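Colleague: You'll find entry-v4.txt just under this line, and it carries compact mmCIF, C-alpha atoms and all ligand atoms.
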# COMPACT_ATOMS: atom_id res chain seq x y z
CA LEU J 943 5.92 44.82 33.36
CA GLU J 944 6.57 43.99 36.99
CA ASP J 945 4.15 46.75 38.07
CA LEU J 946 1.53 45.35 35.74
CA PHE J 947 1.95 41.89 37.26
CA LYS J 948 1.61 43.36 40.76
CA LEU J 949 -1.57 45.15 39.70
CA GLY J 950 -2.97 41.97 38.14
CA SER J 951 -2.03 39.95 41.21
CA ALA J 952 -3.79 42.36 43.60
CA ALA J 953 -6.88 42.42 41.36
CA LEU J 954 -7.04 38.62 41.29
CA LYS J 955 -6.79 38.39 45.06
CA LYS J 956 -9.71 40.84 45.34
CA ALA J 957 -11.67 38.94 42.68
CA ALA J 958 -11.05 35.69 44.56
CA LEU J 959 -12.91 37.01 47.59
CA ASN J 960 -15.67 38.72 45.63
CA GLU J 961 -18.88 36.77 46.29
CA GLU J 962 -20.71 38.48 43.41
CA ALA J 963 -18.04 37.44 40.92
CA LYS J 964 -18.11 33.88 42.29
CA THR J 965 -21.92 33.63 42.05
CA TYR J 966 -21.82 35.01 38.49
CA LEU J 967 -19.16 32.51 37.49
CA LEU J 968 -20.96 29.52 39.01
CA ALA J 969 -24.19 30.51 37.23
CA ASN J 970 -22.55 30.99 33.84
CA PRO J 971 -21.85 27.59 32.25
CA VAL J 972 -19.69 28.92 29.41
CA LEU J 973 -17.41 30.96 31.65
CA PHE J 974 -17.38 28.19 34.25
CA GLY J 975 -16.38 25.63 31.62
CA LEU J 976 -13.58 27.78 30.24
CA LEU J 977 -12.05 28.67 33.58
CA LYS J 978 -12.36 25.08 34.69
CA LYS J 979 -9.97 24.09 31.93
CA ALA J 980 -7.41 26.36 33.58
CA ALA J 981 -8.27 25.05 37.05
CA ARG J 982 -7.80 21.39 36.06
CA ARG J 983 -4.05 21.71 36.33
CA TYR J 984 -4.41 22.40 40.05
CA ILE J 985 -7.45 20.33 41.06
CA ALA J 986 -7.77 16.56 41.39
CA GLY J 987 -11.32 16.45 40.02
CA ASP J 988 -14.88 17.41 40.90
CA THR J 989 -15.50 14.47 43.21
CA LEU J 990 -13.77 12.27 45.75
CA THR J 991 -14.24 9.38 43.34
CA GLU J 992 -11.93 11.21 40.93
CA ALA J 993 -9.47 12.45 43.57
CA ALA J 994 -8.94 9.16 45.49
CA PRO J 995 -7.20 7.28 42.64
CA ILE J 996 -4.89 10.27 42.10
CA ALA J 997 -3.97 10.16 45.78
CA ALA J 998 -3.40 6.40 45.52
CA SER J 999 -1.16 6.85 42.50
CA LEU J 1000 0.84 9.60 44.23
CA ASN J 1001 1.23 7.29 47.25
CA GLN J 1002 2.58 4.62 44.92
CA GLN J 1003 5.13 7.12 43.67
CA GLY J 1004 6.19 7.75 47.27
CA PHE J 1005 4.33 10.98 48.10
CA ARG J 1006 2.06 11.33 51.11
CA CYS J 1007 -1.07 13.36 50.34
CA SER J 1008 -3.30 15.96 51.91
CA LEU J 1009 -6.89 15.87 50.71
CA GLU J 1010 -9.19 18.88 50.77
CA PHE J 1011 -12.77 19.13 49.60
CA ILE J 1012 -12.46 22.68 48.47
CA GLY J 1013 -14.66 25.46 49.81
CA GLU J 1014 -14.90 28.16 52.43
CA SER J 1015 -17.27 30.68 54.01
CA THR J 1016 -20.27 28.39 54.17
CA ARG J 1017 -23.41 30.52 54.60
CA ASN J 1018 -25.86 28.23 56.34
CA GLU J 1019 -25.99 25.27 58.67
CA GLN J 1020 -27.13 22.85 55.97
CA GLU J 1021 -24.14 23.67 53.73
CA ALA J 1022 -21.80 23.32 56.71
CA LYS J 1023 -23.30 19.91 57.45
CA GLU J 1024 -22.95 18.82 53.82
CA ALA J 1025 -19.30 19.88 53.82
CA THR J 1026 -18.71 18.00 57.09
CA ASP J 1027 -20.36 14.89 55.64
CA GLU J 1028 -18.05 15.10 52.63
CA PHE J 1029 -14.99 15.35 54.90
CA LEU J 1030 -16.27 12.31 56.82
CA ARG J 1031 -16.37 10.47 53.48
CA VAL J 1032 -12.77 11.58 52.88
CA CYS J 1033 -11.76 9.92 56.18
CA ARG J 1034 -13.62 6.73 55.30
CA THR J 1035 -12.05 6.65 51.84
CA ILE J 1036 -8.58 7.06 53.37
CA ARG J 1037 -9.29 4.12 55.66
CA GLU J 1038 -10.93 1.85 53.10
CA ASN J 1039 -8.31 2.49 50.41
CA LYS J 1040 -5.41 2.51 52.90
CA LEU J 1041 -4.29 5.88 51.58
CA ASN J 1042 -1.29 7.59 53.11
CA ALA J 1043 -3.22 10.84 53.34
CA SER J 1044 -4.37 13.44 55.83
CA VAL J 1045 -7.37 15.75 55.69
CA SER J 1046 -7.10 19.52 55.29
CA LEU J 1047 -9.82 22.10 55.56
CA ASP J 1048 -10.86 25.70 56.10
CA LEU J 1049 -12.87 25.91 59.32
CA SER J 1050 -15.21 28.39 57.64
CA HIS J 1051 -16.17 25.55 55.29
CA ILE J 1052 -17.68 23.61 58.19
CA GLY J 1053 -19.40 26.53 59.88
CA LEU J 1054 -16.89 28.86 61.58
CA ALA J 1055 -18.37 31.94 59.88
CA LEU J 1056 -21.81 30.97 61.25
CA SER J 1057 -21.25 29.84 64.83
CA ASN J 1058 -18.38 28.59 66.97
CA ASP J 1059 -20.54 25.86 68.50
CA LEU J 1060 -21.64 24.56 65.12
CA CYS J 1061 -18.05 24.53 63.86
CA PHE J 1062 -16.78 22.80 67.00
CA ALA J 1063 -19.45 20.09 66.77
CA ASN J 1064 -18.62 19.45 63.10
CA LEU J 1065 -14.87 19.49 63.73
CA THR J 1066 -15.21 17.07 66.65
CA GLN J 1067 -17.14 14.64 64.50
CA LEU J 1068 -14.52 14.91 61.78
CA CYS J 1069 -11.58 14.40 64.16
CA GLN J 1070 -13.23 11.30 65.59
CA GLU J 1071 -13.58 9.81 62.12
CA ALA J 1072 -9.95 10.77 61.41
CA VAL J 1073 -8.87 8.83 64.52
CA VAL J 1074 -10.65 5.76 63.15
CA ALA J 1075 -8.83 6.29 59.84
CA ASN J 1076 -5.57 6.71 61.79
CA THR J 1077 -4.90 10.08 60.21
CA GLU J 1078 -4.52 13.79 60.90
CA VAL J 1079 -6.75 16.77 60.24
CA ILE J 1080 -4.84 19.95 59.42
CA ILE J 1081 -6.65 23.26 59.76
CA SER J 1082 -5.87 25.88 57.10
CA ALA J 1083 -5.15 29.56 57.74
CA GLU J 1084 -7.75 31.96 56.32
CA GLY J 1085 -7.96 35.78 56.07
CA THR J 1086 -6.79 37.88 59.03
CA GLU J 1087 -10.36 38.63 60.15
CA ARG J 1088 -10.63 34.92 61.02
CA THR J 1089 -7.19 34.23 62.54
CA ASP J 1090 -8.32 34.65 66.17
CA ALA J 1091 -11.34 32.41 65.72
CA VAL J 1092 -9.35 29.73 63.85
CA LEU J 1093 -6.64 29.62 66.53
CA ALA J 1094 -9.17 29.54 69.36
CA MET J 1095 -10.93 26.60 67.69
CA TYR J 1096 -7.60 24.80 67.25
CA GLN J 1097 -6.78 25.24 70.92
CA LYS J 1098 -10.22 24.03 71.95
CA ILE J 1099 -10.18 20.88 69.80
CA SER J 1100 -6.59 20.09 70.85
CA ALA J 1101 -7.81 19.55 74.40
CA THR J 1102 -9.55 16.36 73.28
CA HIS J 1103 -7.82 15.42 70.01
CA LYS J 1104 -4.12 15.04 69.32
CA ASN J 1105 -4.54 14.28 65.62
CA VAL J 1106 -5.26 17.90 64.67
CA GLY J 1107 -2.74 20.35 63.24
CA ILE J 1108 -2.79 24.00 62.28
CA THR J 1109 -1.40 26.25 59.55
CA VAL J 1110 0.50 29.42 60.46
CA GLN J 1111 1.24 32.22 58.01
CA ALA J 1112 4.84 33.43 58.25
CA TYR J 1113 3.94 36.80 56.70
CA LEU J 1114 1.76 37.89 59.64
CA HIS J 1115 3.45 40.06 62.27
CA ARG J 1116 1.33 38.35 64.94
CA THR J 1117 2.67 34.85 64.23
CA PRO J 1118 5.42 34.80 66.93
CA ASP J 1119 2.72 35.40 69.58
CA ASP J 1120 0.45 32.79 68.02
CA LEU J 1121 3.28 30.25 67.97
CA LYS J 1122 3.84 30.79 71.69
CA GLN J 1123 0.23 29.71 72.25
CA ILE J 1124 0.35 26.61 70.10
CA LEU J 1125 3.89 25.23 70.42
CA SER J 1126 2.94 23.34 73.57
CA LEU J 1127 0.15 21.52 71.70
CA PRO J 1128 1.05 18.22 70.04
CA GLY J 1129 -0.49 18.85 66.59
CA ARG J 1130 1.49 19.36 63.41
CA ILE J 1131 2.29 22.99 62.57
CA ARG J 1132 2.27 23.74 58.87
CA ILE J 1133 4.21 26.86 57.93
CA VAL J 1134 3.13 28.78 54.82
CA LYS J 1135 4.12 32.24 53.64
CA GLY J 1136 0.47 33.38 53.43
CA ALA J 1137 -1.85 33.80 50.46
CA PHE J 1138 -4.40 36.49 51.39
CA GLU J 1139 -4.33 40.26 50.97
CA THR J 1140 -4.12 41.89 54.40
CA SER J 1141 -4.72 45.40 55.69
CA PRO J 1142 -1.57 47.53 55.67
CA GLY J 1143 0.75 46.94 58.62
CA LEU J 1144 -0.35 43.37 59.36
CA SER J 1145 2.00 41.42 57.13
CA LEU J 1146 5.35 41.26 55.36
CA SER J 1147 5.47 41.30 51.56
CA ARG J 1148 7.31 38.62 49.62
CA GLY J 1149 11.08 39.11 49.87
CA LYS J 1150 14.20 38.51 51.94
CA GLU J 1151 12.70 39.45 55.30
CA LEU J 1152 9.77 37.09 54.82
CA ASP J 1153 12.11 34.28 53.72
CA GLU J 1154 14.28 34.80 56.81
CA THR J 1155 11.21 34.86 59.04
CA TYR J 1156 9.87 31.67 57.46
CA LEU J 1157 13.21 29.93 57.97
CA ALA J 1158 13.42 31.07 61.61
CA TYR J 1159 10.03 29.42 62.29
CA ALA J 1160 11.15 26.30 60.42
CA GLU J 1161 14.31 26.14 62.53
CA GLN J 1162 12.30 26.61 65.73
CA LEU J 1163 10.17 23.58 64.83
CA LEU J 1164 12.86 21.36 63.33
CA SER J 1165 15.31 21.94 66.20
CA THR J 1166 12.74 20.87 68.78
CA GLY J 1167 11.38 17.97 66.70
CA HIS J 1168 7.86 19.42 66.79
CA LEU J 1169 5.61 17.86 64.15
CA CYS J 1170 5.73 20.25 61.21
CA SER J 1171 5.16 20.74 57.52
CA ILE J 1172 7.36 22.91 55.35
CA ALA J 1173 4.62 24.02 52.97
CA THR J 1174 6.00 25.95 50.04
CA GLN J 1175 6.90 25.85 46.37
CA ASP J 1176 9.87 28.12 46.91
CA PRO J 1177 13.12 26.39 45.89
CA PHE J 1178 15.19 28.74 48.08
CA ILE J 1179 13.18 27.85 51.19
CA GLN J 1180 13.27 24.15 50.36
CA GLN J 1181 17.05 24.13 49.89
CA SER J 1182 17.63 26.20 53.05
CA VAL J 1183 15.40 23.87 55.07
CA LYS J 1184 17.47 20.91 53.85
CA GLN J 1185 20.45 22.55 55.54
CA LEU J 1186 18.46 23.06 58.75
CA ILE J 1187 17.49 19.38 58.68
CA GLY J 1188 21.15 18.46 58.28
CA LYS J 1189 22.03 20.69 61.22
CA HIS J 1190 19.32 19.57 63.65
CA GLN J 1191 18.69 15.97 62.46
CA PRO J 1192 14.99 15.83 63.41
CA ALA J 1193 13.32 12.39 63.20
CA ALA J 1194 12.04 11.78 59.67
CA GLN J 1195 8.52 11.15 61.03
CA SER J 1196 8.38 14.65 62.51
CA TYR J 1197 8.56 16.78 59.38
CA GLU J 1198 7.54 16.82 55.73
CA PHE J 1199 7.94 19.00 52.66
CA GLU J 1200 4.50 19.80 51.33
CA SER J 1201 3.60 21.40 47.99
CA LEU J 1202 0.40 22.09 46.13
CA TYR J 1203 -0.58 19.59 43.44
CA GLY J 1204 0.29 20.83 39.96
CA ILE J 1205 2.82 23.45 41.06
CA GLN J 1206 6.59 22.99 40.70
CA THR J 1207 6.11 19.24 41.08
CA GLN J 1208 9.64 18.59 39.87
CA GLN J 1209 11.04 20.23 43.01
CA LEU J 1210 9.03 18.02 45.37
CA THR J 1211 9.94 14.99 43.26
CA ALA J 1212 13.64 15.83 43.61
CA LEU J 1213 13.26 16.13 47.40
CA LYS J 1214 11.50 12.76 47.49
CA GLU J 1215 14.28 11.18 45.46
CA GLU J 1216 16.83 12.59 47.89
CA GLY J 1217 14.96 10.68 50.62
CA TYR J 1218 13.03 13.50 52.33
CA PRO J 1219 9.39 12.90 53.42
CA THR J 1220 7.19 14.69 50.90
CA LYS J 1221 3.51 15.39 50.66
CA MET J 1222 1.32 16.59 47.81
CA TYR J 1223 -1.67 18.80 48.69
CA LEU J 1224 -4.65 17.68 46.59
CA VAL J 1225 -7.88 19.63 46.34
CA TYR J 1226 -11.10 18.57 44.65
CA GLY J 1227 -14.66 19.83 44.28
CA HIS J 1228 -16.56 22.61 42.50
CA GLU J 1229 -15.49 25.57 44.60
CA TRP J 1230 -12.11 26.00 42.94
CA TYR J 1231 -12.65 29.66 42.00
CA LEU J 1232 -10.82 31.24 44.97
CA TYR J 1233 -8.15 28.57 44.72
CA LEU J 1234 -7.48 29.21 41.03
CA CYS J 1235 -7.33 33.01 41.54
CA ASN J 1236 -4.81 32.56 44.37
CA ARG J 1237 -2.57 30.25 42.37
CA ILE J 1238 -2.42 32.74 39.50
CA ALA J 1239 -2.12 35.79 41.77
CA GLU J 1240 0.89 34.41 43.63
CA HIS J 1241 2.74 33.65 40.40
CA PRO J 1242 1.22 35.96 37.75
CA VAL J 1243 3.00 34.39 34.77
CA ASN J 1244 0.63 31.47 35.40
CA ILE J 1245 -1.99 33.56 33.63
CA PHE J 1246 -0.33 32.60 30.35
CA GLN J 1247 -0.44 28.94 31.34
CA ALA J 1248 -4.14 29.41 32.18
CA LEU J 1249 -4.87 31.02 28.81
CA ASN J 1250 -3.06 28.21 27.08
CA ASP J 1251 -5.03 25.60 29.05
CA ILE J 1252 -8.30 27.38 28.13
CA VAL J 1253 -7.66 27.35 24.37
CA ALA J 1254 -6.01 23.91 24.26
CA GLU J 1255 -8.05 21.20 22.48
C1 LIG Y 1301 0.60 22.69 51.40
C2 LIG Y 1301 0.22 24.14 51.35
C3 LIG Y 1301 -0.83 24.59 52.15
C4 LIG Y 1301 -1.17 25.94 52.13
N1 LIG Y 1301 -2.16 26.39 52.97
C5 LIG Y 1301 -2.36 27.72 53.08
C6 LIG Y 1301 -3.25 28.26 54.06
O1 LIG Y 1301 -3.86 27.51 54.82
N2 LIG Y 1301 -3.42 29.60 54.12
C7 LIG Y 1301 -2.71 30.47 53.31
O2 LIG Y 1301 -2.86 31.67 53.46
N3 LIG Y 1301 -1.89 29.98 52.37
C8 LIG Y 1301 -1.69 28.65 52.24
N4 LIG Y 1301 -0.82 28.17 51.28
C9 LIG Y 1301 -0.30 29.11 50.26
C10 LIG Y 1301 0.92 29.82 50.73
O3 LIG Y 1301 0.59 30.77 51.72
C11 LIG Y 1301 1.60 30.56 49.56
O4 LIG Y 1301 0.72 31.50 49.03
C12 LIG Y 1301 2.05 29.66 48.44
O5 LIG Y 1301 2.66 28.50 48.94
C13 LIG Y 1301 3.08 30.38 47.56
O6 LIG Y 1301 4.16 30.79 48.33
P1 LIG Y 1301 5.59 30.08 48.29
O7 LIG Y 1301 5.97 29.68 49.68
O8 LIG Y 1301 5.57 28.96 47.35
O9 LIG Y 1301 6.58 31.23 47.89
P2 LIG Y 1301 6.48 32.48 46.90
O10 LIG Y 1301 7.42 33.48 47.43
O11 LIG Y 1301 5.07 32.89 46.64
O12 LIG Y 1301 7.07 31.89 45.59
C14 LIG Y 1301 8.44 31.50 45.52
C15 LIG Y 1301 8.68 30.71 44.26
O13 LIG Y 1301 7.91 29.51 44.31
C16 LIG Y 1301 7.38 29.20 43.02
N5 LIG Y 1301 5.90 29.35 43.05
C17 LIG Y 1301 5.17 29.81 44.06
N6 LIG Y 1301 3.86 29.79 43.75
C18 LIG Y 1301 3.77 29.32 42.50
C19 LIG Y 1301 2.69 29.09 41.62
N7 LIG Y 1301 1.42 29.32 41.94
N8 LIG Y 1301 2.98 28.63 40.37
C20 LIG Y 1301 4.25 28.38 40.00
N9 LIG Y 1301 5.32 28.59 40.79
C21 LIG Y 1301 5.09 29.06 42.04
C22 LIG Y 1301 8.02 30.19 42.09
O14 LIG Y 1301 9.26 29.67 41.66
C23 LIG Y 1301 8.23 31.40 42.99
O15 LIG Y 1301 9.20 32.28 42.50
C24 LIG Y 1301 -0.46 26.84 51.29
C25 LIG Y 1301 0.59 26.37 50.52
C26 LIG Y 1301 0.96 25.06 50.55
C27 LIG Y 1301 2.12 24.60 49.72
Since I need it in another form, could you write the structure as structure tokens?

Modeller:
Amino acid sequence: LEDLFKLGSAALKKAALNEEAKTYLLANPVLFGLLKKAARRYIAGDTLTEAAPIAASLNQQGFRCSLEFIGESTRNEQEAKEATDEFLRVCRTIRENKLNASVSLDLSHIGLALSNDLCFANLTQLCQEAVVANTEVIISAEGTERTDAVLAMYQKISATHKNVGITVQAYLHRTPDDLKQILSLPGRIRIVKGAFETSPGLSLSRGKELDETYLAYAEQLLSTGHLCSIATQDPFIQQSVKQLIGKHQPAAQSYEFESLYGIQTQQLTALKEEGYPTKMYLVYGHEWYLYLCNRIAEHPVNIFQALNDIVAE
């Protein structure tokens, strides 16, 4: 059974990145409607108008939020501009509604796959609006073919903006070198295990070595008080990081536990009730296909939950 789950998980990760499958799905209203019922568990709605009240309600419960208008790999300048405009609306909504929320995004959503200059111009505009909203922009980590470009863009924007953070993937063998480059920058460093399939030899699989590596990065950040986010749903990592926090006593403003909306919420709630800073990562929009595939692929028993959501009245 475990082999079957591994096979299913690998297939879903491939399907997630398959443009043909995505186009087919978006053009097929019946299939789109059915899968959307499964996606609902993980997405805060189709629009910002739906997502903002969810963020407000989570804030009331004591969670900070990250907000992402979901999407990636924008194919033309117009789409990149539309995505940037939507992120600007996110910043304005945060300000107007006094949300305790930051903005998260894939750089390829605002043009990185098209041109560095275009992406930099869009990111600069976004960071300026985030300053006005008194919030942070956190850049996501994408597939390994984009890691260099994403990090270079982060370094470039950090020269003018301090309210920008970056996500690093603990599973990549290159991450210690990348950390050396970015530790001197002020932005928040979000540590994740890593969601994408990589070519052989580039990454660690899930398991003890990856957990130890993740925790070593967490300790590096917590012991120096660098702004960081412990982004995971893994109860073992969360409990181990609590011990590291006890050991190093970083300022509460410097770190946060961050989990994806709709996944193992009870764990984040328990951390919040114990007094730790916690953040819920909320995504909204139409482009949830890759996101849904990844959430099922990383925890294949979720396929049963998805089937149940699809057939539920
Ligand atoms: C805030 C946030 C931002 C992220 N940003 C990025 C990014 O920019 N780039 C990137 O590559 N990845 C990103 N990820 C995804 C990340 O890389 C992992 O794929 C994801 O967090 C699952 O790994 P894990 O740390 O939870 O541990 P895993 O080892 O995958 O899982 C450990 C345990 O956590 C629980 N769990 C994990 N996933 C699920 C699930 N889907 N459903 C139910 N239970 C689950 C289970 O109990 C599981 O046994 C992000 C994750 C978070 C939380």

Colleague: Could you list the protein, DNA and RNA residues that have any atom within 9 Å of ligand LIG 1301 (chain Y), counting all atoms listed in the file, and write them as a PyMOL selection string?

Modeller: chain J and resi 1008+1046-1048+1080-1085+1108-1113+1132-1138+1148-1149+1152-1153+1156+1171-1179+1199-1206+1221-1224+1234+1236-1244

Colleague: Quick one: residues within 9 Å of Trp1230 in chain J, only C-alpha atoms, excluding same-chain residues fewer than 2 positions away - as a PyMOL selection string?

Modeller: chain J and resi 978+981+984-985+1012-1013+1225-1228+1232-1235

Colleague: Please, what distance in Å, to one decimal, runs between CA of Arg1006 in chain J and CA of Asn1042 in chain J?

Modeller: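 These two atoms are separated by 5.4 Å.
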
Colleague: I want to know what sits within 10 Å of range 1058-1075 of chain J, based on all atoms listed in the file, with residues of the same chain fewer than 6 positions away left out; could you give that as an NGL selection string?

Modeller: :J and (1019 or 1022-1023 or 1025-1038 or 1040-1041 or 1043-1045 or 1047 or 1049-1052 or 1081 or 1091-1092 or 1094-1096 or 1098-1099 or 1102-1106)

Colleague: Limited to C-alpha atoms, could you put the picked residues into a file as a CSV table (one decimal), in the coordinates of the input?

Modeller:
chain,number,residue,atom,x,y,z
J,1019,GLU,CA,-26.0,25.3,58.7
J,1022,ALA,CA,-21.8,23.3,56.7
J,1023,LYS,CA,-23.3,19.9,57.4
J,1025,ALA,CA,-19.3,19.9,53.8
J,1026,THR,CA,-18.7,18.0,57.1
J,1027,ASP,CA,-20.4,14.9,55.6
J,1028,GLU,CA,-18.0,15.1,52.6
J,1029,PHE,CA,-15.0,15.4,54.9
J,1030,LEU,CA,-16.3,12.3,56.8
J,1031,ARG,CA,-16.4,10.5,53.5
J,1032,VAL,CA,-12.8,11.6,52.9
J,1033,CYS,CA,-11.8,9.9,56.2
J,1034,ARG,CA,-13.6,6.7,55.3
J,1035,THR,CA,-12.0,6.6,51.8
J,1036,ILE,CA,-8.6,7.1,53.4
J,1037,ARG,CA,-9.3,4.1,55.7
J,1038,GLU,CA,-10.9,1.8,53.1
J,1040,LYS,CA,-5.4,2.5,52.9
J,1041,LEU,CA,-4.3,5.9,51.6
J,1043,ALA,CA,-3.2,10.8,53.3
J,1044,SER,CA,-4.4,13.4,55.8
J,1045,VAL,CA,-7.4,15.8,55.7
J,1047,LEU,CA,-9.8,22.1,55.6
J,1049,LEU,CA,-12.9,25.9,59.3
J,1050,SER,CA,-15.2,28.4,57.6
J,1051,HIS,CA,-16.2,25.6,55.3
J,1052,ILE,CA,-17.7,23.6,58.2
J,1081,ILE,CA,-6.6,23.3,59.8
J,1091,ALA,CA,-11.3,32.4,65.7
J,1092,VAL,CA,-9.4,29.7,63.8
J,1094,ALA,CA,-9.2,29.5,69.4
J,1095,MET,CA,-10.9,26.6,67.7
J,1096,TYR,CA,-7.6,24.8,67.2
J,1098,LYS,CA,-10.2,24.0,72.0
J,1099,ILE,CA,-10.2,20.9,69.8
J,1102,THR,CA,-9.6,16.4,73.3
J,1103,HIS,CA,-7.8,15.4,70.0
J,1104,LYS,CA,-4.1,15.0,69.3
J,1105,ASN,CA,-4.5,14.3,65.6
J,1106,VAL,CA,-5.3,17.9,64.7

Colleague: From the list J:Asp1119, J:Glu1021, J:Glu1229, J:Asp1251, which residue is nearest Leu967 in chain J when using only C-alpha atoms?

Modeller: J:Glu1229

Colleague: At what distance in Å, to one decimal, does CA of Asn1076 in chain J lie from CA of Pro995 in chain J?

Modeller: 19.2 Å

Colleague: How many Å separate CA of Ile1131 in chain J from CA of Tyr1197 in chain J?

Modeller: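 Going from CA of Ile1131 in chain J over to CA of Tyr1197 in chain J, I get 9.4 Å.
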
Colleague: Please determine, counting all atoms listed in the file, which residue among J:Leu1157, J:Ser1015, J:Cys1007, J:Ile1245 has the shortest atom-to-atom distance to Glu1198 in chain J.

Modeller: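 Among J:Leu1157, J:Ser1015, J:Cys1007, J:Ile1245, it is J:Cys1007 that comes nearest to Glu1198 in chain J.
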
Colleague: Using only C-alpha atoms, which of the listed residues (J:Leu1093, J:Leu990, J:Leu1186, J:Leu1054) sits closest to Thr1016 in chain J?

Modeller: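 Checking each of J:Leu1093, J:Leu990, J:Leu1186, J:Leu1054 against Thr1016 in chain J, counting only C-alpha atoms, the winner is J:Leu1054.
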
Colleague: For Ala957 in chain J, which residue among J:Ser1196, J:Tyr1231, J:His1168, J:Leu1163 is the nearest when counting only C-alpha atoms?

Modeller: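 That would be J:Tyr1231, the residue with the smallest distance to Ala957 in chain J.
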
Colleague: Which residue out of J:Leu1009, J:Leu1114, J:Ile996, J:Ala953 has the minimum interatomic distance to Thr1155 in chain J when only C-alpha atoms are used?

Modeller: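 So, comparing all the options, the nearest one is J:Leu1114.
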
Colleague: Taking only C-alpha atoms into account, which of J:Glu1151, J:Glu1216, J:Asp1090, J:Glu992 comes nearest Gln1181 in chain J?

Modeller: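 That would be J:Glu1216, the residue with the smallest distance to Gln1181 in chain J.
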